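To start, the structure under review is shown below, and the notes come after it.
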Amino acid sequence: MMPARPGDEAEDRHALDIALLPHVRPRHWGRIASAAVLLALLALLARAFAQGQIAWTVVAQYLTWGTILEGLRNTVLMALAAMALGLVLGVLAAVARASPNPVLRAAAIFYAWLFRGTPVILQLLLWFNLALIFPVIGIPGIWSERTVAVMTPFLAALLGLGLNQGAYTSEIVRAGMISVDAGQYEAAKSIGLTYGQSLRRIILPQAMRVIVPPLGNEFIGMIKTTSLASVIQYAELLHNAENIYYANTKVMELLLVAAFWYLVLVSLLSAGQAVLERRVSRGVLRLARAR
Amino acid sequence: MSAAPLLRARKVGKSFGAQRALEDVTLDVARGEVVCLIGPSGSGKTTFLRCVNQLERFDAGGLWINEELLGYREAAGRLHPLPEREVARQRRATGMVFQRFNLFPHMTALENVIEGPVLALRRPREEAVADARGLLDRVGLLHRQDSYPAALSGGQQQRVAIARALAMRPELMLFDEPTSALDPELVGEVLAVMRDLAGSGMTMLVVTHELGFAREVANRIVFMDAGRVVESGPAGELLSNPAQARTRDFLSAVLG
């Protein structure tokens, strides 16, 4: 660079001397201090647990105990099944809610009202105890069965959790559908797509971008909500852990075992959610990252 | 019946609640003709176009494409609405280009163009892709076939939208203010594509504020106001020598 005015060379040399000095990066004293405080608290906590009356060998022993792993498997199974049922019901209810047909709209509103309006643990108990009011269920003239034989803990939990989840999911899906520009419906129509085709190919894929984050949140919630099914004897993780400590009185140890596995499941789901979010942001995030 | 118009509108009417958006609209568009609809905002031009594409249902009069009544069937002295599937089939005779492009943002340019042919016309994918590449080439965007809409300029998006509409092999192309949402420097590239299309003999009905384009390309201009056709005539004649006072007022307001 030439100096702005000839004759200012001395001044310019001085400026250059300053410009070439090493640049010190900003120091974040607050971060260092807060990290120190947190580490100290963590050390205290670790010390407390180390001195506490926890039999860590028992925790380690039960971490991979057959009954615990079986409970873990049942928890995953129930979370997947209930979430799948919730997703199907939720999408159907959301589409019904967006329908021009007032009967379908009213049915969808009633469904969400009913299942969001009562505690899920109460719904689980209702399904499980259905035999008290309907000893026999079936389709008149075709099939019938004693309710206690049909309404196993698995089925009661699936219905209770899935129907409840569907009601919440329908609101999430509906919000996603509303977020898609009305011009997209018209463009889909204008190239001859039927309503079903435009929902499946144009509207729902775009709604996914809005739907997936809260839905991932719901799935994480569901992993933990399955523990409520322990009250209706469904052999999930917490239920099996409880059964063991009823026998051996190692209450805290087994609760810690259960907590460990819940944390593992939720961590895996969070990672999966991040991958899925990138996938459904086609055409939006790709550009943002390219910039 | 070679003289039958491609589009025939007779006394078409449409209300939005208490407001009458279209009243007694009667006009013909012959095969190969380019007709521009002009008029002040709220005059019903866009509503008429949307009735032709059946995005709106007209509630009076009749619209025919190729002598087929749109949206209704006649039975026992009344007109009954057609089911959605029939409407979707009828819609394929027309291609629509929107003011705001309305490309599908989660699909690439090429995927946007093949979506209709593959899903609605059930054409084999390879065939649709070959066709779509030809159309993208025609609008000058073959090199952007794998771009998502967000990575394209407004003018490029609108050209992809034109290719998407053409991919359905429509007999009548409808344009709803196709350059109104564009930055001024991008208007020309879209008009050039439309000019090329008109030159190839495509029948076009264009709602536009581009009077220069209308004068140059349109065979006929239809001036609408307050939901009615005020006058129509050959482009040069209507623009330089309008018969109606309302047309004169509009033109002097627009041309300044």
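Letters for chains follow the order of the structure tokens (A, B, ...), residue numbers begin at 1 for each chain, and ligand numbers begin at 1 in the order shown.
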Skip segment 114-120 of chain A itself and residues of its chain fewer than 3 positions away, then list as a PyMOL selection string all residues within 9 Å of it, counting only C-alpha atoms. chain A and resi 109-111+123-125+160-161+163-168+225+228
Using the selection just defined, write its residues with C-alpha atoms as a PDB file, in the first residue's frame.
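Output file part_8.pdb follows:
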ATOM      1  CA  ILE A 109     -61.114 -32.218  17.401  1.00  0.00           C
ATOM      2  CA  PHE A 110     -63.060 -34.570  19.685  1.00  0.00           C
ATOM      3  CA  TYR A 111     -60.251 -37.143  19.588  1.00  0.00           C
ATOM      4  CA  GLN A 123     -55.972 -43.944  30.484  1.00  0.00           C
ATOM      5  CA  LEU A 124     -53.597 -46.871  31.079  1.00  0.00           C
ATOM      6  CA  LEU A 125     -55.629 -47.969  34.091  1.00  0.00           C
ATOM      7  CA  GLY A 160     -53.089 -46.122  26.401  1.00  0.00           C
ATOM      8  CA  LEU A 161     -49.771 -44.683  25.265  1.00  0.00           C
ATOM      9  CA  LEU A 163     -53.871 -43.178  21.555  1.00  0.00           C
ATOM     10  CA  ASN A 164     -52.601 -40.482  23.868  1.00  0.00           C
ATOM     11  CA  GLN A 165     -49.534 -39.916  21.710  1.00  0.00           C
ATOM     12  CA  GLY A 166     -51.710 -39.704  18.592  1.00  0.00           C
ATOM     13  CA  ALA A 167     -53.630 -36.810  20.092  1.00  0.00           C
ATOM     14  CA  TYR A 168     -50.432 -34.855  20.747  1.00  0.00           C
ATOM     15  CA  THR A 225     -43.473 -42.343  29.744  1.00  0.00           C
ATOM     16  CA  LEU A 228     -45.897 -45.484  33.687  1.00  0.00           C
TER      17      LEU A 228
END
At a cut-off of 7 Å, which residues of chain B touch chain A? Count only C-alpha atoms and give the answer as a list in words.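 On the chain B side, the interface is Leu55, Arg85, Ala88, Arg89, Arg91, Arg92, Gly95, Met96, Asn102, Phe104, Pro105, His106, Met107, Gly116, Leu119, Ala120, Tyr148, Ala150, Ala151, Ala165 and Met168 of chain B.
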Skipping near chain neighbours, those fewer than 2 positions away, what residues fall within 10 Å of Gln233 of chain A using only C-alpha atoms, listed as number ranges by chain? A: 128, 152-154, 157, 228-231, 235-236, 239-240
Export of the given selection (all heavy atoms) as an mmCIF file, in the first residue's frame:
data_model
loop_
_atom_site.group_PDB
_atom_site.id
_atom_site.type_symbol
_atom_site.label_atom_id
_atom_site.label_comp_id
_atom_site.auth_asym_id
_atom_site.auth_seq_id
_atom_site.Cartn_x
_atom_site.Cartn_y
_atom_site.Cartn_z
ATOM 1 N N PHE A 128 -56.534 -51.159 31.036
ATOM 2 C CA PHE A 128 -56.153 -52.406 31.695
ATOM 3 C C PHE A 128 -57.334 -53.020 32.437
ATOM 4 O O PHE A 128 -57.463 -54.228 32.523
ATOM 5 C CB PHE A 128 -54.987 -52.138 32.662
ATOM 6 C CG PHE A 128 -54.374 -53.382 33.204
ATOM 7 C CD1 PHE A 128 -53.883 -54.364 32.342
ATOM 8 C CD2 PHE A 128 -54.291 -53.596 34.574
ATOM 9 C CE1 PHE A 128 -53.311 -55.510 32.834
ATOM 10 C CE2 PHE A 128 -53.723 -54.765 35.075
ATOM 11 C CZ PHE A 128 -53.228 -55.721 34.196
ATOM 12 N N THR A 152 -54.051 -57.726 27.532
ATOM 13 C CA THR A 152 -52.797 -57.998 28.233
ATOM 14 C C THR A 152 -52.165 -56.665 28.627
ATOM 15 O O THR A 152 -52.546 -55.614 28.089
ATOM 16 C CB THR A 152 -51.831 -58.744 27.307
ATOM 17 O OG1 THR A 152 -51.621 -57.916 26.150
ATOM 18 C CG2 THR A 152 -52.382 -60.091 26.876
ATOM 19 N N PRO A 153 -51.197 -56.703 29.567
ATOM 20 C CA PRO A 153 -50.493 -55.453 29.874
ATOM 21 C C PRO A 153 -49.916 -54.807 28.620
ATOM 22 O O PRO A 153 -49.951 -53.581 28.477
ATOM 23 C CB PRO A 153 -49.382 -55.913 30.825
ATOM 24 C CG PRO A 153 -49.944 -57.111 31.497
ATOM 25 C CD PRO A 153 -50.784 -57.803 30.453
ATOM 26 N N PHE A 154 -49.403 -55.616 27.684
ATOM 27 C CA PHE A 154 -48.823 -55.045 26.470
ATOM 28 C C PHE A 154 -49.868 -54.271 25.684
ATOM 29 O O PHE A 154 -49.666 -53.113 25.307
ATOM 30 C CB PHE A 154 -48.217 -56.141 25.586
ATOM 31 C CG PHE A 154 -47.655 -55.616 24.296
ATOM 32 C CD1 PHE A 154 -46.368 -55.101 24.254
ATOM 33 C CD2 PHE A 154 -48.419 -55.597 23.126
ATOM 34 C CE1 PHE A 154 -45.839 -54.591 23.073
ATOM 35 C CE2 PHE A 154 -47.907 -55.077 21.952
ATOM 36 C CZ PHE A 154 -46.617 -54.581 21.928
ATOM 37 N N ALA A 157 -51.081 -51.130 27.482
ATOM 38 C CA ALA A 157 -50.079 -50.071 27.441
ATOM 39 C C ALA A 157 -50.002 -49.461 26.048
ATOM 40 O O ALA A 157 -49.918 -48.244 25.883
ATOM 41 C CB ALA A 157 -48.717 -50.627 27.852
ATOM 42 N N LEU A 228 -44.582 -45.505 33.038
ATOM 43 C CA LEU A 228 -45.897 -45.484 33.687
ATOM 44 C C LEU A 228 -46.614 -46.821 33.547
ATOM 45 O O LEU A 228 -47.442 -47.181 34.374
ATOM 46 C CB LEU A 228 -46.772 -44.369 33.085
ATOM 47 C CG LEU A 228 -46.384 -42.931 33.397
ATOM 48 C CD1 LEU A 228 -47.339 -41.978 32.710
ATOM 49 C CD2 LEU A 228 -46.384 -42.694 34.898
ATOM 50 N N ALA A 229 -46.271 -47.547 32.485
ATOM 51 C CA ALA A 229 -46.928 -48.838 32.257
ATOM 52 C C ALA A 229 -46.547 -49.847 33.322
ATOM 53 O O ALA A 229 -47.110 -50.943 33.375
ATOM 54 C CB ALA A 229 -46.594 -49.366 30.864
ATOM 55 N N SER A 230 -45.584 -49.496 34.184
ATOM 56 C CA SER A 230 -45.256 -50.408 35.283
ATOM 57 C C SER A 230 -46.466 -50.583 36.209
ATOM 58 O O SER A 230 -46.609 -51.628 36.830
ATOM 59 C CB SER A 230 -44.047 -49.882 36.065
ATOM 60 O OG SER A 230 -44.338 -48.607 36.597
ATOM 61 N N VAL A 231 -47.355 -49.556 36.268
ATOM 62 C CA VAL A 231 -48.516 -49.680 37.157
ATOM 63 C C VAL A 231 -49.521 -50.705 36.650
ATOM 64 O O VAL A 231 -50.374 -51.155 37.406
ATOM 65 C CB VAL A 231 -49.255 -48.327 37.372
ATOM 66 C CG1 VAL A 231 -48.321 -47.292 37.973
ATOM 67 C CG2 VAL A 231 -49.866 -47.827 36.075
ATOM 68 N N ALA A 235 -43.905 -55.413 31.764
ATOM 69 C CA ALA A 235 -42.546 -55.717 32.248
ATOM 70 C C ALA A 235 -41.509 -54.855 31.555
ATOM 71 O O ALA A 235 -40.620 -55.352 30.870
ATOM 72 C CB ALA A 235 -42.243 -57.196 32.051
ATOM 73 N N GLU A 236 -41.625 -53.522 31.748
ATOM 74 C CA GLU A 236 -40.605 -52.645 31.147
ATOM 75 C C GLU A 236 -39.483 -52.416 32.153
ATOM 76 O O GLU A 236 -39.490 -52.972 33.253
ATOM 77 C CB GLU A 236 -41.239 -51.344 30.631
ATOM 78 C CG GLU A 236 -42.173 -50.624 31.560
ATOM 79 C CD GLU A 236 -41.448 -49.962 32.668
ATOM 80 O OE1 GLU A 236 -40.529 -49.188 32.347
ATOM 81 O OE2 GLU A 236 -41.782 -50.206 33.839
ATOM 82 N N HIS A 239 -40.238 -51.311 35.833
ATOM 83 C CA HIS A 239 -41.021 -52.356 36.493
ATOM 84 C C HIS A 239 -40.114 -53.508 36.929
ATOM 85 O O HIS A 239 -40.205 -53.993 38.059
ATOM 86 C CB HIS A 239 -42.087 -52.859 35.515
ATOM 87 C CG HIS A 239 -42.961 -53.935 36.068
ATOM 88 N ND1 HIS A 239 -44.020 -53.680 36.917
ATOM 89 C CD2 HIS A 239 -42.942 -55.284 35.912
ATOM 90 C CE1 HIS A 239 -44.610 -54.806 37.247
ATOM 91 N NE2 HIS A 239 -43.971 -55.807 36.654
ATOM 92 N N ASN A 240 -39.219 -53.926 36.032
ATOM 93 C CA ASN A 240 -38.336 -55.047 36.357
ATOM 94 C C ASN A 240 -37.315 -54.661 37.418
ATOM 95 O O ASN A 240 -36.971 -55.469 38.290
ATOM 96 C CB ASN A 240 -37.633 -55.555 35.092
ATOM 97 C CG ASN A 240 -38.606 -56.343 34.215
ATOM 98 O OD1 ASN A 240 -39.803 -56.405 34.521
ATOM 99 N ND2 ASN A 240 -38.098 -56.938 33.149
#
How far is it from atom CA of Glu171 of chain B to atom CA of Ala93 of chain B, in Å with one decimal?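 Atom-to-atom, atom CA of Glu171 of chain B and atom CA of Ala93 of chain B are spaced 5.4 Å apart.
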Using only C-alpha atoms, can you tell me which of A:Asn129, A:Thr226, A:Thr64, A:Asn243 comes closest to Gly162 of chain A?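 The answer is A:Thr226, which sits nearest to Gly162 of chain A.
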Could you please write out, as a PDB file with N, CA and C atoms, in the first residue's frame, every residue of segment 94-184 of chain A that DSSP assigns to strand (DSSP E)?
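As written to disk, states_8.pdb reads:
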ATOM      1  N   VAL A 136     -66.697 -59.394  28.234  1.00  0.00           N
ATOM      2  CA  VAL A 136     -66.459 -60.063  26.963  1.00  0.00           C
ATOM      3  C   VAL A 136     -66.441 -58.988  25.880  1.00  0.00           C
ATOM      4  N   ILE A 137     -65.438 -59.057  24.993  1.00  0.00           N
ATOM      5  CA  ILE A 137     -65.451 -58.130  23.860  1.00  0.00           C
ATOM      6  C   ILE A 137     -65.398 -58.907  22.557  1.00  0.00           C
ATOM      7  N   GLY A 138     -65.782 -58.264  21.473  1.00  0.00           N
ATOM      8  CA  GLY A 138     -65.748 -58.931  20.182  1.00  0.00           C
ATOM      9  C   GLY A 138     -66.582 -58.177  19.176  1.00  0.00           C
ATOM     10  N   ILE A 139     -66.682 -58.785  17.989  1.00  0.00           N
ATOM     11  CA  ILE A 139     -67.534 -58.226  16.950  1.00  0.00           C
ATOM     12  C   ILE A 139     -68.766 -59.116  16.915  1.00  0.00           C
ATOM     13  N   TRP A 143     -66.843 -62.835  16.258  1.00  0.00           N
ATOM     14  CA  TRP A 143     -65.742 -63.217  17.139  1.00  0.00           C
ATOM     15  C   TRP A 143     -65.978 -62.602  18.490  1.00  0.00           C
ATOM     16  N   SER A 144     -65.686 -63.385  19.532  1.00  0.00           N
ATOM     17  CA  SER A 144     -65.735 -62.784  20.864  1.00  0.00           C
ATOM     18  C   SER A 144     -64.738 -63.501  21.763  1.00  0.00           C
ATOM     19  N   GLU A 145     -64.331 -62.808  22.816  1.00  0.00           N
ATOM     20  CA  GLU A 145     -63.276 -63.330  23.672  1.00  0.00           C
ATOM     21  C   GLU A 145     -63.428 -62.684  25.039  1.00  0.00           C
ATOM     22  N   ARG A 146     -62.954 -63.366  26.082  1.00  0.00           N
ATOM     23  CA  ARG A 146     -62.957 -62.756  27.412  1.00  0.00           C
ATOM     24  C   ARG A 146     -61.959 -61.610  27.413  1.00  0.00           C
TER      25      ARG A 146
END
Can you tell me, as a ChimeraX atom specification, what residues are no more than 10 Å from segment 252-256 of chain A when counting only C-alpha atoms, ignoring any on the same chain fewer than 2 positions away? /A:53-63,68,237-238,240-245,248-250,258-262
Out of B:Ala75, B:Leu172, B:Val87, B:Leu205, which residue has the shortest atom-to-atom distance to Arg57 of chain B when counting only C-alpha atoms? B:Val87
Two-atom distance - atom CA of Asp176 of chain B, atom CA of Arg100 of chain B (Å):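 So the answer is 9.1 Å.
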Val173 of chain A environment, 9 Å, only C-alpha atoms, sequence neighbours closer than 4 positions dropped, as a list in words: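 My list of contacting residues is Gly90, Val91, Ala93, Ala94, Val95, Tyr168, Thr169, Met177, Ile178, Leu204, Ala207, Met208, Val210, Ile211 and Leu215 of chain A.
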Counting only C-alpha atoms, which of B:Phe223, B:His80, B:Asp24, B:Met204 gets nearest to Leu251 of chain B?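 The shortest atom-to-atom distance to Leu251 of chain B comes from B:Phe223.
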Determine the nearest neighbour of Lys45 of chain B from the options B:Ala18, B:Leu103, B:Val206, B:Leu197, counting only C-alpha atoms. B:Val206
Helix (DSSP H, G or I) positions in segment 59-185 of chain B, given as a VMD selection string: chain B and resid 84 to 91 109 to 119 125 to 138 142 to 144 149 to 151 154 to 166 184 to 185
Of the residues B:Gly77, B:Pro5, B:Gly227, B:Gly199, which is the one nearest to Pro40 of chain B, using only C-alpha atoms?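 Comparing B:Gly77, B:Pro5, B:Gly227, B:Gly199 against Pro40 of chain B, the winner is B:Gly227.
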For the interface of segment 21-110 of chain B with segment 136-143 of chain B (cut-off 12 Å, counting only C-alpha atoms), please tabulate each contacting residue of segment 21-110 of chain B alongside its nearest pair of atoms and their separation in Å to one decimal, rows sorted by chain and increasing number, as a Markdown table.
| residue | atom | partner | partner_atom | distance |
| --- | --- | --- | --- | --- |
| B:Thr108 | CA | B:Leu142 | CA | 11.8 |
| B:Ala109 | CA | B:Leu136 | CA | 8.4 |
| B:Leu110 | CA | B:Leu136 | CA | 7.8 |
Selection: 12 Å around Ser240 of chain B, only C-alpha atoms, excl. self and same-chain fewer than 3 positions, as a ChimeraX atom specification: /B:211-212,215,221,233-237,243-244,247-248,251-252,255
Just how far from atom CA of Gln90 of chain B is atom CA of Phe213 of chain B, in Å to one decimal?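 Taking atom CA of Phe213 of chain B and atom CA of Gln90 of chain B, their separation equals 29.2 Å.
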